[in-house]
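Participant: One structure follows; several queries about it will come next.
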Amino acid sequence: MCSTQQLLNKVAKSPARLTGKVTPSFYDIKIIPDIAAATFCGEETITLYLQEAVSVIVIHAAELTISKAVLRNDAGSSFISTVSFDEEKQQALISLEGSAGPGEWFLHLSFQGILNNRLRGFYRSSFRDADGSEKLIATTKFEPSDARRAFPCFDEPEFKAVFQISLLVDKGLTAISNSPINSEREMEGGKKLVSFAPSLKMSSYLVAYVVGDFSASEPVFTKSSVPIRVCCVPGKKHLTAYALKWAKFSIDFFADYFGIDYQGAKLDLIAIPDFASGAMENFGAITFRETALLLDETQATHAELMRVAEVVCHENAHMWFGDLVTMDWWNGLWLNEAFATFMAALAVQAFMPSWKFFEGFNIFKAGAMRIDGLHSSRSIEFPVESPEDARAMFDVLTYEKGCAILRMLELYIGEEVFRQGCATYMKRHACLNTETADLWNALAEAVRNAGLSIPVDELMDTWVFQQGFPLVSVERAESEGVIILRQRPFRYLDEGSTPQGLWYVPIAIRAGTSDGIIEKVFLLKQTEQRFYVGENLKWIVINADGQGFYRVSYADELAQQLLSHLSELSAPERFNLASDLWAATQAGHLTLDAYLARLRIVLSEETDSHVFALAINSIGYLRRICAAGGPEHFNDLVNLAKQLFEPALIRLGWEPKASESPQDAELRASLVSTLGSLGEKSCCQKVESLWKQYLSDRKSVSTNLLPALVETTASHGDASCYDQMLKLKESASTPQEETRFLFALSHFRHPELIERTLASSLNGQIRVQDVPQMIRSLFLNPTGGLATWNFVKAHWDKMVATIPLQGIIRLCDGITALVNPELEPELKEFFATHNIKGNEKALAQNLETLTIANRFLLREREQLGSVLAKNTR
Ligand code: BES
Ligand code: ZN
């Protein structure tokens, strides 16, 4: 294993980065947007410190012109300069007439730019007001490297500075930025100059300003009396209360957790009608897509309630992890995103324990494992050079794997010790930048203070600097009561070579023996370790509590014992058991027949929604295998699904019970949408009658069931049903409802309706922000895959030109549904010549995932019919 330092050396500064010999400390920026003309101009004075004499100042700028550049200092020296651009590096080179000596200087720049429609930098968004007329908004989103599209700046996270912003805007509009308004002055021409207080010291990617017709909720106050507001376009203020409640709770929660108050003077959470991702943690002015912030608590599903809670908590956690303490460079993005994801989980768990957040997180963890079991995975820390590299870091490995290994560490060293380590880290590095080793040092200190001897850095380096994760196999040794554990890397595709890798695996076990229940925790550092459990072993579970980031393979006898003691396992343990079985099947370690036989046992008494979610996912996969390798077996598959899922639906009943848990309500909905999507008769009939009931009385159907009804109805719907969904979307009263009916369009199966949805995704009918998910969903449509692929091929250039990179990556995810060995070469060929910068790794992962499915198909095709038939008996 390499040491942290060795690996950090590997990610030494790339040539496109600034040298650090010129550093900014203060930006005084004035921006004048012309929203109607989609342009802006601006002026700024940057206070700089020159470490040594320079004749050229290099600063980031992209899609900007700079009409004037002057450098002066307090001693009265000044330089007029000429400006040239290095487009490739997105830099402006400011050449001085002479050379400026070391010390403090002021760089004055005048610049002009465009308000783009690509949802990045300074861009334009729009909405329709109550009379139906279009209103425009100008707003920013900078992370990771788009501040340079709004004003020339030192656009790397390390160059923290204070930003003082003013905006010259139409008198009737609202302007919001990171800090409170200092002054507002009326100007000629119906304009006003809004000046904001100096910001906290922060990285350029956290700057934000928003101009438009916005209204704000009444503020709520944090424990330290800072006002929090939710802002939105007019007519939506009644949807702000829910987010406000979570915003206040989470800010107070994190202030306690870290022992540091929220540092801003105010906090605004702003809903933007067009937004590339879910939300963005600009210090003091967090921006969101509307569905992630605005919600009517009485009309939302459990998943929608969780989503807003999670996003709000995640972004608020960034006010500490990310904004106050920031990674040095994008290779360490996980210090921001994994932590925000993890902290959000803690906050949600604390406010709503009944939601069992970490149990649900197992599904996301499994999503990360799906990618991390590929040859084309990457380590959590990963070299980054270009802005595209940086953007590609926002993936499941950074977020979900990162969060999962933090959770694993937290439980291993203890929650309170972990908290103390985080608090130390936060206090020590406030307003500064860090690398991963800084975190290990703070955590190691807390571990020592608690009297523990755990090698935090060695342990965690195996998870952060190494791709993949271990498969831990378990078997009995010859001598009674002794168990042998072995670790090796888990890979779906075994390409002949034995993959290398060794982890420090925190192992938790629980076992039933003649001495009762035995629990043990230890660190597996070698490839093999033996331990004594106890005589007369009845069953043993590895990864007890289910929070470790590894898979387990039980020797046959131990697996059978476990399957006959399922009631001894917690829901997350049963989830992992099923998840490990399914992964083993995809990897070809277990036959489909054996998987289905075991799944039937697991599900026979199952009540947990997450275990069912895993099973449903595997049946969806089989459906695609079946479609490509044996469509004549489809009926057997439907029968299998009916046998696996109908008993649970009957147990739950179609009518929600007053006392049921939100997980039960979700389970009902996912069982219905699975059986409904497969066209199972009795389910579809019931859906049809409930849908009629819904149309005549909107309140007569429980909201949690509604997504399943909409999806099933669309799956089997005709053109008039399509128009009906469109109308429902137009008249929707919440962002969630609008989204629900919008994405219903991707479920229609009739070829003409698929074409219609495809066309509307590029002709402006659907907002750019929603196009990636729409196309992805069309790829997954059982009759839509090929049509969608042909459409994407034909319109690739247009997509690349209009959809932000993040969205292209997301959309390409959909190709994993194109199971068909004959199509695989075509896909590879197309992307060999058509891919775009930043999408390389994700694409390689998608293609490898597809190869895995195609091999699965080739392996199982022969016996598919008999296996499905046998397992429905
Ligand atoms: N910092 C990100 C926003 C972001 C995402 C910037 C991708 C650049 C590229 C933000 O904190 C975030 O993680 N948002 C998530 C939602 C969150 C709850 C996981 C998102 O946008 O999906
Ligand atoms: Zn984040």
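A note on labels: chains of the structure tokens are A, B, ... as shown, every chain counts residues from 1, and ligands are counted from 1 in their shown order.
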Return as a list of chain:residue names every polymer residue, whether protein, DNA or RNA, with at least one atom no more than 8 Å from an atom of ligand 1; count only C-alpha atoms and all ligand atoms.
Facilitator: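 After applying the 8 Å limit, what remains is A:Lys141, A:Phe142, A:Glu143, A:Pro144, A:Ala276, A:Ser277, A:Gly278, A:Ala279, A:Met280, A:Glu281, A:Arg307, A:Glu310, A:Val311, A:Val312, A:Cys313, A:His314, A:Glu315, A:His318, A:Asn336, A:Glu337, A:Ala340, A:Thr341, A:Arg391, A:Phe394, A:Tyr399, A:Gln806.
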Participant: I'd like the contact shell of Leu293 (chain A) - 9 Å cut-off, only C-alpha atoms, skipping same-chain residues fewer than 5 positions apart - returned as a ChimeraX atom specification.
Facilitator: /A:230,239-240,242-243,269-271,279,288,307-309,311-312
Participant: Can you list, as a ChimeraX atom specification, every protein, DNA or RNA residue that comes within 6 Å of region 204-221 of chain A when you count only C-alpha atoms, leaving out same-chain residues fewer than 3 positions away?
Facilitator: /A:137-140,142-143,147,155,173-177,225-234,282-283
Participant: Enumerate the residues of region 402-464 of chain A with a DSSP assignment of alpha helix (DSSP H), computed from the backbone, and present them as a count of residues only.
Facilitator: 49
Participant: Kindly assemble as a tab-separated table a list of the region 479-587 of chain A residues that lie within 10 Å of region 454-467 of chain A, each paired with its nearest atom pair and their distance in Å to one decimal, using only C-alpha atoms, sorted first by chain and then by ascending residue number.
Facilitator:
```
residue	atom	partner	partner_atom	distance
A:Pro489	CA	A:Gln467	CA	9.4
A:Gly501	CA	A:Gln466	CA	7.9
A:Leu502	CA	A:Thr462	CA	7.3
A:Trp503	CA	A:Thr462	CA	5.2
A:Tyr504	CA	A:Leu459	CA	5.2
A:Val505	CA	A:Leu459	CA	7.8
A:Pro506	CA	A:Leu459	CA	8.9
A:Leu523	CA	A:Leu459	CA	9.0
A:Lys525	CA	A:Leu459	CA	8.7
A:Phe549	CA	A:Trp463	CA	9.2
```
Participant: Can you check which residues of region 101-191 of chain A DSSP gives as strand (DSSP E) on the backbone and send them as a ChimeraX atom specification?
Facilitator: /A:103-114,121-128,134-141,162-170,174-177,181-187,191
Participant: Figure out the distance between CA of Gly814 (chain A) and CA of Ser677 (chain A), please, to one decimal in Å.
Facilitator: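 Distance between the two atoms: 18.1 Å.
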